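Shown below: upload-v5.cif, with mmCIF, C-alpha atoms.
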```
data_entry
loop_
_atom_site.label_atom_id
_atom_site.label_comp_id
_atom_site.auth_asym_id
_atom_site.auth_seq_id
_atom_site.Cartn_x
_atom_site.Cartn_y
_atom_site.Cartn_z
CA MET G 3 271.01 141.82 141.25
CA LYS G 4 268.16 142.25 143.74
CA VAL G 5 269.02 145.94 144.11
CA LEU G 6 269.01 146.40 140.32
CA LYS G 7 265.58 144.75 140.05
CA GLN G 8 264.26 147.00 142.81
CA LYS G 9 265.60 150.09 141.04
CA LYS G 10 264.11 148.96 137.73
CA ARG G 11 260.71 148.38 139.30
CA ALA G 12 260.89 151.76 141.04
CA ALA G 13 261.65 153.44 137.69
CA LEU G 14 258.69 151.66 136.07
CA THR G 15 256.46 152.74 138.95
CA VAL G 16 257.45 156.38 138.44
CA ILE G 17 256.69 156.12 134.71
CA ALA G 18 253.33 154.51 135.49
CA ALA G 19 252.52 157.34 137.90
CA ILE G 20 253.37 159.97 135.27
CA LEU G 21 251.21 158.24 132.67
CA GLY G 22 248.42 157.73 135.14
CA ALA G 23 248.41 161.35 136.26
CA ALA G 24 248.39 162.62 132.69
CA LEU G 25 245.57 160.23 131.81
CA VAL G 26 243.29 161.55 134.53
CA ILE G 27 241.75 163.68 131.80
CA ALA G 28 241.22 160.55 129.68
CA VAL G 29 237.56 160.39 130.63
CA ILE G 30 236.17 163.88 130.15
CA ALA G 31 232.58 163.73 131.44
CA GLY G 32 232.26 160.69 129.27
CA CYS G 33 234.86 162.04 126.85
CA SER G 34 238.05 159.98 126.66
CA ALA G 35 241.20 159.32 124.67
CA GLY G 36 241.81 156.46 122.26
CA HIS G 37 241.34 155.49 118.62
CA SER G 38 238.88 156.23 115.86
CA SER G 39 238.00 153.87 113.04
CA ASN G 40 238.77 156.50 110.39
CA ARG G 41 242.36 157.27 109.52
CA ALA G 42 243.39 160.90 109.75
CA GLY G 43 244.98 162.34 106.66
CA GLU G 44 243.99 159.65 104.16
CA THR G 45 243.81 160.81 100.57
CA ASP G 46 240.28 160.68 99.19
CA SER G 47 238.61 161.57 95.92
CA GLU G 48 236.46 164.68 95.53
CA PRO G 49 232.92 163.98 96.78
CA GLU G 50 230.55 164.11 93.85
CA ASP G 51 227.79 165.98 95.69
CA PHE G 52 230.02 168.87 96.87
CA THR G 53 232.86 170.24 94.82
CA GLY G 54 233.28 173.39 96.93
CA ILE G 55 235.14 171.70 99.77
CA PRO G 56 238.52 173.33 100.52
CA GLU G 57 241.60 171.16 100.29
CA ILE G 58 242.10 169.05 103.41
CA PRO G 59 245.77 168.89 104.49
CA VAL G 60 247.04 165.32 104.13
CA ALA G 61 249.52 163.99 106.69
CA SER G 62 252.58 162.07 105.57
CA ALA G 63 255.62 160.33 107.04
CA PRO G 64 258.38 160.77 104.43
CA GLY G 65 261.19 159.82 106.80
CA THR G 66 263.32 162.92 106.31
CA GLY G 67 263.26 163.51 110.06
CA LEU G 68 263.17 160.27 111.97
CA ALA G 69 263.80 158.48 115.24
CA GLU G 70 263.35 154.73 115.02
CA ASN G 71 264.32 151.36 116.39
CA ARG G 72 262.94 147.84 116.10
CA LYS G 73 260.02 148.71 118.37
CA ALA G 74 258.78 152.14 117.31
CA VAL G 75 259.04 155.01 114.83
CA ILE G 76 258.66 158.74 115.38
CA ASP G 77 258.53 160.72 112.14
CA PHE G 78 258.91 164.45 112.70
CA SER G 79 259.59 165.36 109.04
CA ASN G 80 256.60 167.71 108.96
CA SER G 81 256.87 169.23 112.41
CA ARG G 82 256.81 172.70 110.84
CA ASP G 83 253.25 171.86 109.75
CA GLY G 84 252.20 171.21 113.33
CA TYR G 85 252.28 167.43 113.67
CA VAL G 86 254.40 164.34 114.11
CA MET G 87 253.55 160.75 113.22
CA ALA G 88 254.24 157.72 115.38
CA LYS G 89 253.70 153.99 115.24
CA PHE G 90 254.63 150.93 117.28
CA ARG G 91 256.08 148.21 115.08
CA GLU G 92 255.93 145.21 117.37
CA GLU G 93 252.80 143.13 117.92
CA THR G 94 251.86 142.94 121.59
CA ARG G 95 248.75 142.69 123.73
CA ARG G 96 250.20 145.29 126.06
CA GLN G 97 249.27 148.98 125.97
CA VAL G 98 251.44 151.55 124.17
CA ARG G 99 251.44 155.25 124.98
CA VAL G 100 253.04 158.33 123.45
CA VAL G 101 253.88 161.21 125.77
CA ILE G 102 254.46 164.57 124.08
CA THR G 103 255.85 167.26 126.38
CA VAL G 104 255.16 170.66 124.84
CA PRO G 105 257.29 173.81 125.38
CA ASP G 106 255.37 174.94 128.49
CA GLY G 107 255.90 171.54 130.12
CA THR G 108 252.36 170.19 129.66
CA GLN G 109 252.32 166.47 128.85
CA TYR G 110 249.90 165.12 126.26
CA ILE G 111 249.16 161.39 126.22
CA TYR G 112 248.17 159.40 123.13
CA ARG G 113 247.61 155.72 122.42
CA LEU G 114 249.22 153.64 119.70
CA THR G 115 247.91 150.34 118.37
CA PRO G 116 250.74 147.78 118.47
CA GLY G 117 251.58 146.72 114.92
CA GLY G 118 249.26 149.43 113.59
CA ASP G 119 249.62 152.31 111.17
CA PHE G 120 251.05 155.75 111.81
CA GLU G 121 248.96 158.03 114.03
CA VAL G 122 248.86 161.79 113.45
CA LEU G 123 249.71 163.62 116.69
CA PRO G 124 249.41 167.43 116.89
CA LEU G 125 252.10 169.79 118.12
CA SER G 126 249.65 172.13 119.79
CA GLY G 127 252.01 173.98 122.12
CA GLY G 128 253.39 176.46 119.59
CA ASN G 129 257.06 177.00 118.79
CA GLY G 130 259.77 175.55 120.98
CA GLU G 131 261.19 172.28 122.24
CA TYR G 132 259.08 169.11 122.23
CA LYS G 133 260.01 165.84 123.86
CA ILE G 134 258.33 162.80 122.30
CA GLU G 135 258.45 159.48 124.15
CA VAL G 136 256.90 156.12 123.31
CA PHE G 137 256.23 153.82 126.26
CA GLU G 138 255.39 150.12 126.20
CA GLU G 139 253.53 148.42 129.03
CA VAL G 140 255.73 145.67 130.47
CA GLU G 141 253.65 144.82 133.52
CA ASP G 142 250.15 145.82 134.58
CA GLN G 143 250.22 149.64 134.57
CA MET G 144 254.02 149.58 134.43
CA TYR G 145 255.66 151.16 131.37
CA ALA G 146 259.16 151.10 129.91
CA LEU G 147 260.57 153.65 127.48
CA ALA G 148 260.71 152.25 123.93
CA ILE G 149 262.06 155.31 122.11
CA THR G 150 262.43 159.04 122.65
CA SER G 151 263.21 162.10 120.54
CA THR G 152 263.56 165.79 121.34
CA ILE G 153 262.89 168.26 118.53
CA ASN G 154 262.82 172.02 118.13
CA VAL G 155 259.71 173.19 116.31
CA THR G 156 259.22 176.40 114.34
CA LEU G 157 255.79 176.38 112.73
CA ASP G 158 255.41 177.73 109.21
CA ASP G 159 251.89 178.79 110.24
CA GLU G 160 250.85 179.32 113.86
CA PHE G 161 247.40 177.93 112.98
CA ALA G 162 248.72 174.75 111.36
CA PRO G 163 247.99 172.37 114.26
CA PHE G 164 244.38 173.61 114.37
CA LEU G 165 243.63 173.27 110.66
CA ARG G 166 244.45 169.58 110.26
CA PRO G 167 242.98 166.19 111.07
CA ASN G 168 244.70 164.31 113.87
CA GLN G 169 244.08 161.33 116.14
CA TYR G 170 241.54 163.22 118.22
CA VAL G 171 239.79 165.10 115.40
CA ASN G 172 239.75 162.49 112.67
CA TYR G 173 238.27 163.25 109.25
CA ASN G 174 239.21 163.38 105.58
CA ARG G 175 237.96 164.86 102.33
CA SER G 176 235.17 162.33 101.87
CA SER G 177 233.92 162.41 105.48
CA ALA G 178 230.22 163.07 105.94
CA VAL G 179 230.97 165.89 108.39
CA VAL G 180 233.08 167.64 105.74
CA ARG G 181 230.26 167.44 103.20
CA LYS G 182 227.74 168.64 105.80
CA ALA G 183 229.96 171.61 106.67
CA ALA G 184 230.18 172.50 102.97
CA GLU G 185 226.40 172.30 102.71
CA LEU G 186 225.83 174.46 105.79
CA THR G 187 228.28 177.16 104.70
CA GLU G 188 227.56 177.19 100.97
CA GLY G 189 227.50 180.78 99.71
CA ILE G 190 228.82 182.19 103.02
CA ASP G 191 232.12 184.07 103.03
CA ASP G 192 232.20 185.66 106.48
CA PRO G 193 234.00 183.37 108.99
CA MET G 194 231.69 184.32 111.88
CA GLU G 195 228.64 183.46 109.79
CA LYS G 196 230.19 180.10 108.92
CA ILE G 197 230.89 179.44 112.59
CA ALA G 198 227.33 180.37 113.52
CA ALA G 199 225.89 178.09 110.82
CA VAL G 200 227.89 175.09 112.01
CA TYR G 201 227.30 175.86 115.68
CA ASN G 202 223.54 176.20 115.26
CA TYR G 203 223.36 172.94 113.32
CA VAL G 204 225.27 171.00 115.98
CA VAL G 205 223.32 172.31 118.98
CA GLU G 206 220.00 171.82 117.21
CA ASN G 207 220.63 168.36 115.76
CA ILE G 208 222.90 166.48 118.19
CA VAL G 209 221.44 165.34 121.52
CA TYR G 210 223.46 164.41 124.59
CA ASP G 211 223.97 160.66 124.99
CA SER G 212 223.64 160.14 128.74
CA GLN G 213 223.95 156.36 128.47
CA LEU G 214 227.27 156.62 126.64
CA ALA G 215 228.47 159.21 129.17
CA TRP G 216 227.95 156.70 131.98
CA THR G 217 229.33 153.66 130.16
CA VAL G 218 232.16 155.04 127.99
CA GLU G 219 235.48 153.29 128.53
CA SER G 220 239.00 154.63 128.45
CA GLY G 221 240.25 154.42 124.89
CA TYR G 222 237.27 156.18 123.35
CA ILE G 223 237.72 158.79 120.63
CA PRO G 224 234.84 160.28 118.64
CA ASP G 225 233.97 158.88 115.23
CA VAL G 226 232.66 162.16 113.87
CA ASP G 227 230.72 160.61 110.98
CA ALA G 228 229.06 158.13 113.33
CA VAL G 229 228.04 160.97 115.64
CA LEU G 230 226.59 162.89 112.71
CA SER G 231 224.66 159.82 111.57
CA SER G 232 223.30 158.89 115.01
CA GLY G 233 222.51 162.46 116.06
CA LYS G 234 223.80 161.90 119.58
CA GLY G 235 227.04 162.08 121.50
CA ILE G 236 228.91 163.13 124.61
CA CYS G 237 230.78 166.38 125.15
CA PHE G 238 233.90 165.02 123.45
CA ASP G 239 231.75 164.18 120.41
CA TYR G 240 230.17 167.64 120.26
CA ALA G 241 233.59 169.29 120.38
CA ALA G 242 235.15 166.92 117.85
CA ILE G 243 232.36 167.13 115.27
CA MET G 244 232.31 170.92 115.37
CA THR G 245 236.10 171.13 115.24
CA ALA G 246 236.19 168.84 112.20
CA MET G 247 233.49 170.84 110.40
CA LEU G 248 235.15 174.19 111.00
CA ARG G 249 238.66 173.01 110.19
CA SER G 250 237.37 171.55 106.93
CA GLN G 251 236.24 175.09 106.09
CA SER G 252 239.74 176.44 106.79
CA ILE G 253 238.73 178.01 110.10
CA PRO G 254 241.38 177.42 112.81
CA THR G 255 239.66 175.59 115.65
CA ARG G 256 240.96 174.24 118.94
CA MET G 257 239.28 171.34 120.67
CA VAL G 258 239.80 172.00 124.37
CA LEU G 259 239.71 169.51 127.24
CA GLY G 260 239.57 170.65 130.83
CA TYR G 261 237.20 171.40 133.67
CA THR G 262 233.93 173.21 133.99
CA GLY G 263 233.38 173.59 137.70
CA ASN G 264 234.49 170.26 139.19
CA ASP G 265 233.60 168.20 136.11
CA TYR G 266 235.79 167.14 133.18
CA HIS G 267 234.52 168.65 129.98
CA ALA G 268 235.32 169.37 126.30
CA TRP G 269 234.58 172.50 124.30
CA ILE G 270 236.08 174.54 121.46
CA SER G 271 237.54 177.91 120.58
CA VAL G 272 237.94 179.39 117.12
CA TYR G 273 239.98 181.97 115.25
CA ALA G 274 237.49 184.39 113.77
CA GLY G 275 239.45 186.74 111.54
CA GLU G 276 239.54 190.28 112.93
CA ALA G 277 238.11 189.05 116.24
CA GLY G 278 241.23 186.87 116.72
CA TRP G 279 241.07 183.77 118.91
CA VAL G 280 237.64 183.66 120.44
CA ASP G 281 238.40 181.45 123.44
CA ASN G 282 235.40 179.33 124.39
CA LEU G 283 233.06 181.84 122.71
CA ILE G 284 230.79 181.86 119.71
CA TYR G 285 229.02 185.11 118.87
CA PHE G 286 228.66 188.76 119.84
CA ASP G 287 225.14 189.85 120.81
CA GLY G 288 225.98 193.57 120.79
CA ILE G 289 227.14 193.52 124.40
CA ASP G 290 229.02 190.29 125.15
CA TRP G 291 230.68 187.35 123.43
CA LYS G 292 228.81 184.10 124.13
CA ILE G 293 230.57 180.90 125.16
CA MET G 294 231.54 178.34 122.52
CA ASP G 295 230.25 175.28 124.34
CA PRO G 296 228.02 173.22 122.04
CA THR G 297 227.28 170.56 124.67
CA PHE G 298 225.74 172.92 127.21
CA ALA G 299 224.09 175.06 124.55
CA ALA G 300 222.36 172.00 123.11
CA GLY G 301 220.78 171.28 126.48
CA ALA G 302 220.19 174.85 127.56
CA HIS G 303 216.58 175.21 128.65
CA SER G 304 216.94 177.91 131.29
CA ASP G 305 218.40 181.35 131.87
CA GLU G 306 220.58 179.86 134.62
CA ILE G 307 222.30 177.48 132.19
CA MET G 308 222.88 180.22 129.65
CA GLU G 309 224.36 182.47 132.35
CA TYR G 310 226.72 179.65 133.31
CA ILE G 311 227.78 179.11 129.70
CA GLU G 312 228.42 182.81 129.19
CA ASN G 313 230.80 183.04 132.17
CA ALA G 314 234.30 182.17 130.96
CA ASN G 315 235.46 181.88 134.58
CA ASN G 316 233.55 178.59 134.78
CA TYR G 317 236.01 176.98 132.34
CA ASN G 318 239.54 175.81 133.08
CA ALA G 319 241.38 174.60 129.96
CA LEU G 320 244.05 171.93 130.35
CA TYR G 321 244.72 170.55 126.86
CA GLN G 322 244.10 171.69 123.30
CA TYR G 323 244.09 169.48 120.22
#
```
Could the structure of this file be written out as structure tokens, please?
Amino acid sequence: MKVLKQKKRAALTVIAAILGAALVIAVIAGCSAGHSSNRAGETDSEPEDFTGIPEIPVASAPGTGLAENRKAVIDFSNSRDGYVMAKFREETRRQVRVVITVPDGTQYIYRLTPGGDFEVLPLSGGNGEYKIEVFEEVEDQMYALAITSTINVTLDDEFAPFLRPNQYVNYNRSSAVVRKAAELTEGIDDPMEKIAAVYNYVVENIVYDSQLAWTVESGYIPDVDAVLSSGKGICFDYAAIMTAMLRSQSIPTRMVLGYTGNDYHAWISVYAGEAGWVDNLIYFDGIDWKIMDPTFAAGAHSDEIMEYIENANNYNALYQY
């Protein structure tokens, strides 16, 4: 019996180490993973002040593809649309994590609220095999597997994961950021001009929140409407608000978490029609593409900063949402 207990504890320790290593990126220069107060994919009525807003894809969990037990549910019915939905049924004060291993082996970590609603989790690794595991904390920083499912994903649209709301980029049809994006891009058809309009608004109207960057706790996810209202945020907020705005205008946008130099950071890349995926970049000045980093651009007051932003070698992407 003692040997079995030792083996069980060793297994829990390994799981805790895996979760801990994957959550190193959880605080990204004051940008971390957790929950937003708005629910991704809720159905909302057409805002009265803007009727030109494109349809926002609405997530659902119809149960046609399902893994479930008394503790948790993984609904992969709409995996072809670039997402799965998961929830933890039981009420507990312990932490719950979802680990999604994408086809290239990268592990993405998400949080679930015990007894809460479904969360929308993106399948951002393209086509291939995904392993989805839900872990429940059983001791401090020790996790046990609650449920697992392995699925093969073939996306109907390669851009699907980057055109939808999810846990990290959380908005819906009546969100203030969606209405603002419609206002900024009204009468504009060219995708690059839309991107420039949104980009310029964000870098000119959102200021960096240094206090939040120093005090933010693990579990934080941007509330994009709150950021828009307050006019301030951390790098995660800048990336999330711009991603939400552009996706709401049917422009595929990746929110990227990784490193810039030795610091954790968040930025975005967009799909700009004939230009293809413009990784970390925003516009072409006739000679070079410029980096798509709204946080640094908002605080750029010197040639040195702009030179840093424009050098893609300064950015090391780890995760995309």
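For the choices G:Asp239, G:Glu185, G:Glu93, G:Asp158, the atom-to-atom distance to Ile55 in chain G is smallest for G:Glu185 when using all atoms listed in the file.
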* Could you please determine the separation between CA of Glu121 in chain G and CA of Ala319 in chain G in Å, to one decimal place? => 24.2 Å
* To do: Take the PyMOL selection byres ((chain G and resi 253) around 10), apply it to the structure above, and return the hits as a PyMOL selection string.
  => chain G and resi 161+164-165+193-194+196-197+245-252+254-256+272-275
* Asked: Which residues come within 6 Å of range 235-237 of chain G, counting all atoms listed in the file, excluding same-chain residues fewer than 2 positions away, as a PyMOL selection string?
  -> chain G and resi 210-211+239-240+268+297
Using all atoms listed in the file, tabulate the residues of range 50-146 of chain G lying at most 7 Å from any atom of range 169-181 of chain G, each with its closest atom pair and that distance in Å to one decimal, by chain and increasing residue number, as CSV.
```
residue,atom,partner,partner_atom,distance
G:Phe52,CA,G:Arg181,CA,6.5
G:Ile58,CA,G:Arg175,CA,6.0
G:Glu121,CA,G:Gln169,CA,6.3
G:Val122,CA,G:Gln169,CA,5.5
G:Leu123,CA,G:Gln169,CA,6.1
```
Could you save those same residues with C-alpha atoms as a compact mmCIF listing (two decimals), keeping the file's coordinate frame?
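Output saved as selection-v7.txt:
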```txt
# COMPACT_ATOMS: atom_id res chain seq x y z
CA PHE G 52 230.02 168.87 96.87
CA ILE G 58 242.10 169.05 103.41
CA GLU G 121 248.96 158.03 114.03
CA VAL G 122 248.86 161.79 113.45
CA LEU G 123 249.71 163.62 116.69
```
* Structure fact -> note - CA of Ile208 in chain G and CA of Lys234 in chain G are separated by 4.9 Å
* Go ahead and compute the interatomic distance for CA of Ile76 in chain G and CA of Thr156 in chain G, in Å to one decimal. => 17.7 Å
* Contact residues around Ile134 in chain G with all atoms listed in the file at 6 Å, ignoring same-chain residues under 5 positions, as a ChimeraX atom specification -> /G:101-102,150-151
Evaluate the PyMOL selection byres ((chain G and resi 157) around 9) and report residues as a compact mmCIF listing (two decimals) with C-alpha atoms, in the coordinates of the input:
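New file expr-v2.txt:
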```
# COMPACT_ATOMS: atom_id res chain seq x y z
CA SER G 81 256.87 169.23 112.41
CA ARG G 82 256.81 172.70 110.84
CA ASP G 83 253.25 171.86 109.75
CA GLY G 84 252.20 171.21 113.33
CA GLY G 128 253.39 176.46 119.59
CA ASN G 129 257.06 177.00 118.79
CA VAL G 155 259.71 173.19 116.31
CA THR G 156 259.22 176.40 114.34
CA ASP G 158 255.41 177.73 109.21
CA ASP G 159 251.89 178.79 110.24
CA GLU G 160 250.85 179.32 113.86
CA PHE G 161 247.40 177.93 112.98
CA ALA G 162 248.72 174.75 111.36
CA PRO G 163 247.99 172.37 114.26
```
* To do: Taking the file as shown, find all residues satisfying the PyMOL selection byres ((chain G and resi 86) around 7) and write them as a ChimeraX atom specification.
  => /G:77-78,80-81,85,87-88,122-124
Print the selection's residues with C-alpha atoms to a file, as a compact mmCIF listing (two decimals), in the coordinates of the input.
```txt
# COMPACT_ATOMS: atom_id res chain seq x y z
CA ASP G 77 258.53 160.72 112.14
CA PHE G 78 258.91 164.45 112.70
CA ASN G 80 256.60 167.71 108.96
CA SER G 81 256.87 169.23 112.41
CA TYR G 85 252.28 167.43 113.67
CA MET G 87 253.55 160.75 113.22
CA ALA G 88 254.24 157.72 115.38
CA VAL G 122 248.86 161.79 113.45
CA LEU G 123 249.71 163.62 116.69
CA PRO G 124 249.41 167.43 116.89
```
* **Point (253.1, 155.5, 109.7) neighbourhood (12 Å, all atoms listed in the file) written as a count of residues only** => 33
Quick one: which range 42-120 of chain G residues come within 10 Å of range 140-147 of chain G, and what is the nearest atom pair for each with the distance in Å to one decimal, counting all atoms listed in the file, rows ordered by chain and ascending number, as a Markdown table?
```
| residue | atom | partner | partner_atom | distance |
| --- | --- | --- | --- | --- |
| G:Arg96 | CA | G:Val140 | CA | 7.1 |
| G:Gln97 | CA | G:Val140 | CA | 8.5 |
| G:Val98 | CA | G:Tyr145 | CA | 8.4 |
| G:Arg99 | CA | G:Tyr145 | CA | 8.7 |
| G:Val100 | CA | G:Leu147 | CA | 9.7 |
```
